[in-house]
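S.K.: This one is upload37.pdb, PDB, C-alpha atoms, pLDDT in the B column.
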```
ATOM      1  CA  MET A   1     -49.438  23.775  28.784  1.00 82.00           C
ATOM      2  CA  LYS A   2     -48.583  25.678  31.929  1.00 93.00           C
ATOM      3  CA  PHE A   3     -47.913  29.410  31.714  1.00 95.00           C
ATOM      4  CA  ALA A   4     -44.984  30.730  33.715  1.00 95.00           C
ATOM      5  CA  GLY A   5     -46.008  32.767  36.733  1.00 92.00           C
ATOM      6  CA  PHE A   6     -45.322  36.437  37.316  1.00 94.00           C
ATOM      7  CA  PHE A   7     -42.741  36.017  40.089  1.00 94.00           C
ATOM      8  CA  ALA A   8     -40.771  33.353  38.213  1.00 95.00           C
ATOM      9  CA  ARG A   9     -40.724  35.639  35.183  1.00 96.00           C
ATOM     10  CA  PHE A  10     -39.597  38.544  37.357  1.00 95.00           C
ATOM     11  CA  ILE A  11     -36.691  36.548  38.804  1.00 96.00           C
ATOM     12  CA  ALA A  12     -35.624  35.383  35.321  1.00 96.00           C
ATOM     13  CA  TYR A  13     -35.797  38.978  34.047  1.00 95.00           C
ATOM     14  CA  PHE A  14     -33.736  40.129  37.047  1.00 95.00           C
ATOM     15  CA  ILE A  15     -31.046  37.489  36.397  1.00 96.00           C
ATOM     16  CA  ASP A  16     -30.852  38.424  32.706  1.00 95.00           C
ATOM     17  CA  GLY A  17     -30.728  42.071  33.707  1.00 93.00           C
ATOM     18  CA  LEU A  18     -27.685  41.366  35.879  1.00 94.00           C
ATOM     19  CA  ALA A  19     -25.869  39.760  32.949  1.00 88.00           C
ATOM     20  CA  ILE A  20     -26.645  42.705  30.678  1.00 90.00           C
ATOM     21  CA  ALA A  21     -25.825  45.217  33.427  1.00 90.00           C
ATOM     22  CA  PHE A  22     -22.391  43.639  33.914  1.00 90.00           C
ATOM     23  CA  LEU A  23     -21.577  44.139  30.242  1.00 86.00           C
ATOM     24  CA  ALA A  24     -22.991  47.670  30.409  1.00 84.00           C
ATOM     25  CA  TRP A  25     -20.679  48.368  33.331  1.00 87.00           C
ATOM     26  CA  LEU A  26     -17.648  47.150  31.353  1.00 87.00           C
ATOM     27  CA  VAL A  27     -18.549  49.204  28.292  1.00 83.00           C
ATOM     28  CA  ALA A  28     -19.346  52.268  30.399  1.00 81.00           C
ATOM     29  CA  LEU A  29     -16.041  51.913  32.249  1.00 83.00           C
ATOM     30  CA  VAL A  30     -14.082  52.124  29.011  1.00 80.00           C
ATOM     31  CA  MET A  31     -16.259  54.593  27.138  1.00 77.00           C
ATOM     32  CA  GLY A  32     -17.038  56.684  30.215  1.00 73.00           C
ATOM     33  CA  GLY A  33     -13.384  57.354  30.794  1.00 73.00           C
ATOM     34  CA  VAL A  34     -12.918  58.598  27.257  1.00 70.00           C
ATOM     35  CA  VAL A  35     -16.127  60.649  27.387  1.00 70.00           C
ATOM     36  CA  GLY A  36     -15.047  62.124  30.727  1.00 70.00           C
ATOM     37  CA  LEU A  37     -11.717  63.202  29.286  1.00 68.00           C
ATOM     38  CA  THR A  38     -13.244  64.856  26.235  1.00 67.00           C
ATOM     39  CA  ALA A  39     -16.472  66.369  27.606  1.00 61.00           C
ATOM     40  CA  GLY A  40     -16.577  69.949  28.777  1.00 62.00           C
ATOM     41  CA  THR A  41     -13.170  70.912  27.441  1.00 67.00           C
ATOM     42  CA  GLY A  42     -14.528  73.870  25.541  1.00 70.00           C
ATOM     43  CA  SER A  43     -13.384  72.315  22.291  1.00 71.00           C
ATOM     44  CA  GLY A  44     -16.186  71.846  19.831  1.00 78.00           C
ATOM     45  CA  PHE A  45     -14.424  68.893  18.253  1.00 81.00           C
ATOM     46  CA  LEU A  46     -13.806  67.100  21.568  1.00 75.00           C
ATOM     47  CA  ASN A  47     -17.391  67.764  22.658  1.00 75.00           C
ATOM     48  CA  PHE A  48     -18.520  66.224  19.362  1.00 81.00           C
ATOM     49  CA  ILE A  49     -16.320  63.169  20.016  1.00 77.00           C
ATOM     50  CA  SER A  50     -17.729  62.901  23.555  1.00 75.00           C
ATOM     51  CA  GLY A  51     -21.333  62.999  22.335  1.00 78.00           C
ATOM     52  CA  THR A  52     -20.594  60.520  19.571  1.00 84.00           C
ATOM     53  CA  LEU A  53     -19.007  58.090  22.023  1.00 81.00           C
ATOM     54  CA  ALA A  54     -21.985  58.406  24.357  1.00 80.00           C
ATOM     55  CA  LEU A  55     -24.353  57.543  21.493  1.00 87.00           C
ATOM     56  CA  LEU A  56     -22.060  54.709  20.425  1.00 87.00           C
ATOM     57  CA  THR A  57     -22.229  53.290  23.965  1.00 84.00           C
ATOM     58  CA  ILE A  58     -26.033  53.289  23.816  1.00 87.00           C
ATOM     59  CA  ALA A  59     -25.928  51.629  20.376  1.00 91.00           C
ATOM     60  CA  ILE A  60     -23.504  48.940  21.605  1.00 89.00           C
ATOM     61  CA  MET A  61     -25.708  48.137  24.588  1.00 90.00           C
ATOM     62  CA  THR A  62     -28.844  48.001  22.451  1.00 93.00           C
ATOM     63  CA  LEU A  63     -27.103  45.700  19.989  1.00 94.00           C
ATOM     64  CA  PHE A  64     -25.877  43.437  22.797  1.00 93.00           C
ATOM     65  CA  GLN A  65     -29.374  43.196  24.283  1.00 95.00           C
ATOM     66  CA  PHE A  66     -30.793  42.391  20.834  1.00 97.00           C
ATOM     67  CA  LEU A  67     -28.141  39.730  20.170  1.00 96.00           C
ATOM     68  CA  TYR A  68     -28.406  38.219  23.660  1.00 96.00           C
ATOM     69  CA  PHE A  69     -32.173  37.691  23.571  1.00 97.00           C
ATOM     70  CA  GLY A  70     -32.233  37.002  19.821  1.00 97.00           C
ATOM     71  CA  TYR A  71     -29.735  34.178  20.160  1.00 97.00           C
ATOM     72  CA  MET A  72     -31.012  32.702  23.410  1.00 96.00           C
ATOM     73  CA  TRP A  73     -34.718  32.724  22.643  1.00 97.00           C
ATOM     74  CA  SER A  74     -34.415  31.596  19.022  1.00 97.00           C
ATOM     75  CA  ARG A  75     -32.070  28.744  19.989  1.00 95.00           C
ATOM     76  CA  ASP A  76     -34.121  26.966  22.654  1.00 94.00           C
ATOM     77  CA  GLY A  77     -36.502  29.626  23.973  1.00 95.00           C
ATOM     78  CA  GLN A  78     -34.494  30.119  27.148  1.00 96.00           C
ATOM     79  CA  SER A  79     -32.251  32.901  28.352  1.00 96.00           C
ATOM     80  CA  VAL A  80     -29.914  32.267  31.290  1.00 95.00           C
ATOM     81  CA  GLY A  81     -32.541  33.476  33.771  1.00 95.00           C
ATOM     82  CA  MET A  82     -35.261  31.403  32.132  1.00 96.00           C
ATOM     83  CA  LYS A  83     -33.111  28.266  32.281  1.00 96.00           C
ATOM     84  CA  LEU A  84     -32.643  28.768  35.998  1.00 95.00           C
ATOM     85  CA  MET A  85     -36.392  29.284  36.450  1.00 96.00           C
ATOM     86  CA  ASN A  86     -37.320  26.387  34.107  1.00 96.00           C
ATOM     87  CA  MET A  87     -39.360  28.344  31.570  1.00 97.00           C
ATOM     88  CA  LYS A  88     -39.129  29.286  27.908  1.00 97.00           C
ATOM     89  CA  VAL A  89     -40.512  31.657  25.282  1.00 97.00           C
ATOM     90  CA  VAL A  90     -42.621  30.046  22.538  1.00 97.00           C
ATOM     91  CA  GLU A  91     -44.759  31.228  19.654  1.00 96.00           C
ATOM     92  CA  LYS A  92     -48.351  31.694  20.730  1.00 95.00           C
ATOM     93  CA  GLY A  93     -50.605  28.888  19.521  1.00 87.00           C
ATOM     94  CA  THR A  94     -47.949  26.619  17.993  1.00 92.00           C
ATOM     95  CA  GLU A  95     -45.653  26.493  21.039  1.00 91.00           C
ATOM     96  CA  GLY A  96     -42.765  26.400  18.574  1.00 92.00           C
ATOM     97  CA  PRO A  97     -39.561  28.435  18.646  1.00 94.00           C
ATOM     98  CA  ILE A  98     -39.504  32.069  17.606  1.00 97.00           C
ATOM     99  CA  SER A  99     -37.194  33.558  15.003  1.00 97.00           C
ATOM    100  CA  PHE A 100     -33.960  35.360  15.841  1.00 98.00           C
ATOM    101  CA  LEU A 101     -35.416  38.668  14.623  1.00 98.00           C
ATOM    102  CA  ARG A 102     -38.628  38.327  16.628  1.00 97.00           C
ATOM    103  CA  ALA A 103     -36.675  37.240  19.711  1.00 98.00           C
ATOM    104  CA  GLY A 104     -34.261  40.170  19.444  1.00 97.00           C
ATOM    105  CA  LEU A 105     -37.039  42.690  18.909  1.00 98.00           C
ATOM    106  CA  ARG A 106     -39.083  41.216  21.780  1.00 98.00           C
ATOM    107  CA  GLY A 107     -36.110  41.574  24.124  1.00 96.00           C
ATOM    108  CA  THR A 108     -35.354  45.164  23.091  1.00 96.00           C
ATOM    109  CA  VAL A 109     -38.322  47.041  21.635  1.00 97.00           C
ATOM    110  CA  GLY A 110     -40.862  44.852  23.435  1.00 97.00           C
ATOM    111  CA  TYR A 111     -39.145  45.281  26.790  1.00 96.00           C
ATOM    112  CA  TRP A 112     -38.847  49.041  26.264  1.00 96.00           C
ATOM    113  CA  ILE A 113     -42.561  49.303  25.522  1.00 97.00           C
ATOM    114  CA  SER A 114     -43.430  47.158  28.549  1.00 96.00           C
ATOM    115  CA  SER A 115     -41.288  49.320  30.826  1.00 95.00           C
ATOM    116  CA  ILE A 116     -42.163  52.775  29.481  1.00 95.00           C
ATOM    117  CA  ILE A 117     -45.078  53.477  31.858  1.00 94.00           C
ATOM    118  CA  PHE A 118     -43.710  52.439  35.263  1.00 95.00           C
ATOM    119  CA  GLY A 119     -43.222  48.821  34.107  1.00 95.00           C
ATOM    120  CA  LEU A 120     -46.956  48.364  33.615  1.00 97.00           C
ATOM    121  CA  GLY A 121     -46.385  46.085  30.611  1.00 96.00           C
ATOM    122  CA  PHE A 122     -44.475  43.642  32.812  1.00 96.00           C
ATOM    123  CA  ILE A 123     -46.935  43.916  35.711  1.00 96.00           C
ATOM    124  CA  TRP A 124     -49.736  43.153  33.240  1.00 96.00           C
ATOM    125  CA  ALA A 125     -48.554  39.512  33.175  1.00 95.00           C
ATOM    126  CA  ALA A 126     -49.578  39.116  36.834  1.00 95.00           C
ATOM    127  CA  PHE A 127     -53.233  39.756  35.980  1.00 96.00           C
ATOM    128  CA  ASP A 128     -53.553  38.415  32.422  1.00 95.00           C
ATOM    129  CA  SER A 129     -55.275  35.038  32.003  1.00 93.00           C
ATOM    130  CA  ASN A 130     -52.385  33.735  29.866  1.00 93.00           C
ATOM    131  CA  LYS A 131     -49.730  35.518  31.968  1.00 94.00           C
ATOM    132  CA  GLU A 132     -48.797  37.685  28.960  1.00 96.00           C
ATOM    133  CA  GLY A 133     -46.935  40.960  29.268  1.00 96.00           C
ATOM    134  CA  TRP A 134     -47.319  43.638  26.624  1.00 97.00           C
ATOM    135  CA  HIS A 135     -44.155  42.394  24.891  1.00 97.00           C
ATOM    136  CA  ASP A 136     -45.768  38.946  24.627  1.00 97.00           C
ATOM    137  CA  LYS A 137     -48.929  40.379  23.119  1.00 97.00           C
ATOM    138  CA  ILE A 138     -46.985  42.519  20.621  1.00 97.00           C
ATOM    139  CA  PHE A 139     -44.676  39.699  19.485  1.00 97.00           C
ATOM    140  CA  ASN A 140     -47.238  36.867  19.670  1.00 97.00           C
ATOM    141  CA  THR A 141     -45.410  34.851  22.336  1.00 97.00           C
ATOM    142  CA  TRP A 142     -46.110  32.954  25.529  1.00 96.00           C
ATOM    143  CA  VAL A 143     -43.783  32.148  28.386  1.00 97.00           C
ATOM    144  CA  VAL A 144     -44.417  28.582  29.481  1.00 96.00           C
ATOM    145  CA  ALA A 145     -42.899  25.996  31.784  1.00 94.00           C
ATOM    146  CA  ALA A 146     -40.039  24.174  30.060  1.00 91.00           C
ATOM    147  CA  ARG A 147     -40.456  20.422  29.745  1.00 77.00           C
TER     148      ARG A 147
END
```
Please render this file's structure as structure tokens.

M.R.:
Amino acid sequence: MKFAGFFARFIAYFIDGLAIAFLAWLVALVMGGVVGLTAGTGSGFLNFISGTLALLTIAIMTLFQFLYFGYMWSRDGQSVGMKLMNMKVVEKGTEGPISFLRAGLRGTVGYWISSIIFGLGFIWAAFDSNKEGWHDKIFNTWVVAAR
């Protein structure tokens, strides 16, 4: 078994980030316009609507990220970026697929934890003997070369 290297993982993460960022841009374009029209009007009700829409935008993006990684990684262990870099996410020890729930949580909560202190959880994979980031350690996964 060959663990995926840090730079290959970084490029895959960057590619996946572009896909998610594009959707975020589309959602923000629609929701941002509505929020912009209702924010700061002096109306308590419209300010409430504006804040609610802003929170809804965050919830939609979180859900999309969860569904994207949950589906991709539980299906064949590969997101779009990982396919291009020829690697996949597997369960530590068994090298089998991970569940939809674990995959979705790894790609949301795990990524948030890994990025919270200047991305140290991602950088950790460059120095770890098994090339594991914090999200891998938390969710009991490895990123390995796809066969």

S.K.: I need the residue nearest Ala125 (chain A) from this list: A:Val143, A:Met72, A:Val109, A:Ile138. Use only C-alpha atoms for the distance.

M.R.: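 Closest to Ala125 (chain A), using only C-alpha atoms: A:Val143.
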
S.K.: Quick one, how far is CA of Gly104 (chain A) from CA of Phe69 (chain A)?

M.R.: 5.2 Å

S.K.: Can you tell me, as a VMD selection string, what residues are no more than 10 Å from Lys137 (chain A) when counting all atoms listed in the file, ignoring any on the same chain fewer than 2 positions away?

M.R.: chain A and resid 92 106 110 121 132 to 135 139 to 142

S.K.: Written as JSON, numbers by chain, which residues does the PyMOL selection byres ((chain A and resi 99) around 12) give for the file shown?

M.R.: {"A": [69, 70, 71, 72, 73, 74, 75, 76, 77, 89, 90, 91, 96, 97, 98, 100, 101, 102, 103, 104, 105, 106, 139, 140, 141]}

S.K.: May I ask for the distance between CA of Gly5 (chain A) and CA of Thr94 (chain A), given in Å to one decimal place?

M.R.: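 These two atoms are separated by 19.8 Å.
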
S.K.: Which one of A:Val34, A:Ala146, A:Ala19, A:Val27 sits closest to Gln65 (chain A) if you count all atoms listed in the file?

M.R.: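 Counting all atoms listed in the file, the residue closest to Gln65 (chain A) is A:Ala19.
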
S.K.: So the first atom is CA of Ala54 (chain A) and the second is CA of Thr108 (chain A); what is the distance between them in Å, to one decimal place?

M.R.: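 These two atoms are separated by 18.9 Å.
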
S.K.: Using all atoms listed in the file for the distances, tell me which of A:Ile116, A:Met31, A:Met82, A:Val144 is nearest to Ile11 (chain A).

M.R.: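 Among the listed residues, the smallest separation from Ile11 (chain A) belongs to A:Met82.
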
S.K.: Ranking A:Phe122, A:Ile20, A:Phe127, A:Gly51 by minimum distance to Tyr68 (chain A) and counting all atoms listed in the file, which one comes first?

M.R.: A:Ile20

S.K.: Given the file above and the PyMOL selection byres ((chain A and resi 50) around 8), which residues are selected, and can you give them as a count of residues only?

M.R.: 13

S.K.: Give the padded box for region 109-127 of chain A as AutoDock Vina command-line options: axis-aligned, covering all atoms listed in the file, 4 Å on each side, centre and edge lengths in Å to one decimal.

M.R.:
```
--center_x -45.8 --center_y 46.3 --center_z 29.2 --size_x 22.9 --size_y 22.4 --size_z 23.2
```

S.K.: Using only C-alpha atoms, which residue out of A:Met61, A:Gln78, A:Asp136, A:Lys2 lies closest to Phe22 (chain A)?

M.R.: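 Closest residue, counting only C-alpha atoms: A:Met61.
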
S.K.: Pick the closest to Ala145 (chain A) from A:Ile113, A:Asn86, A:Phe7, A:Asp128: which is it, counting all atoms listed in the file?

M.R.: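 Under the stated criterion, the closest residue is A:Asn86.
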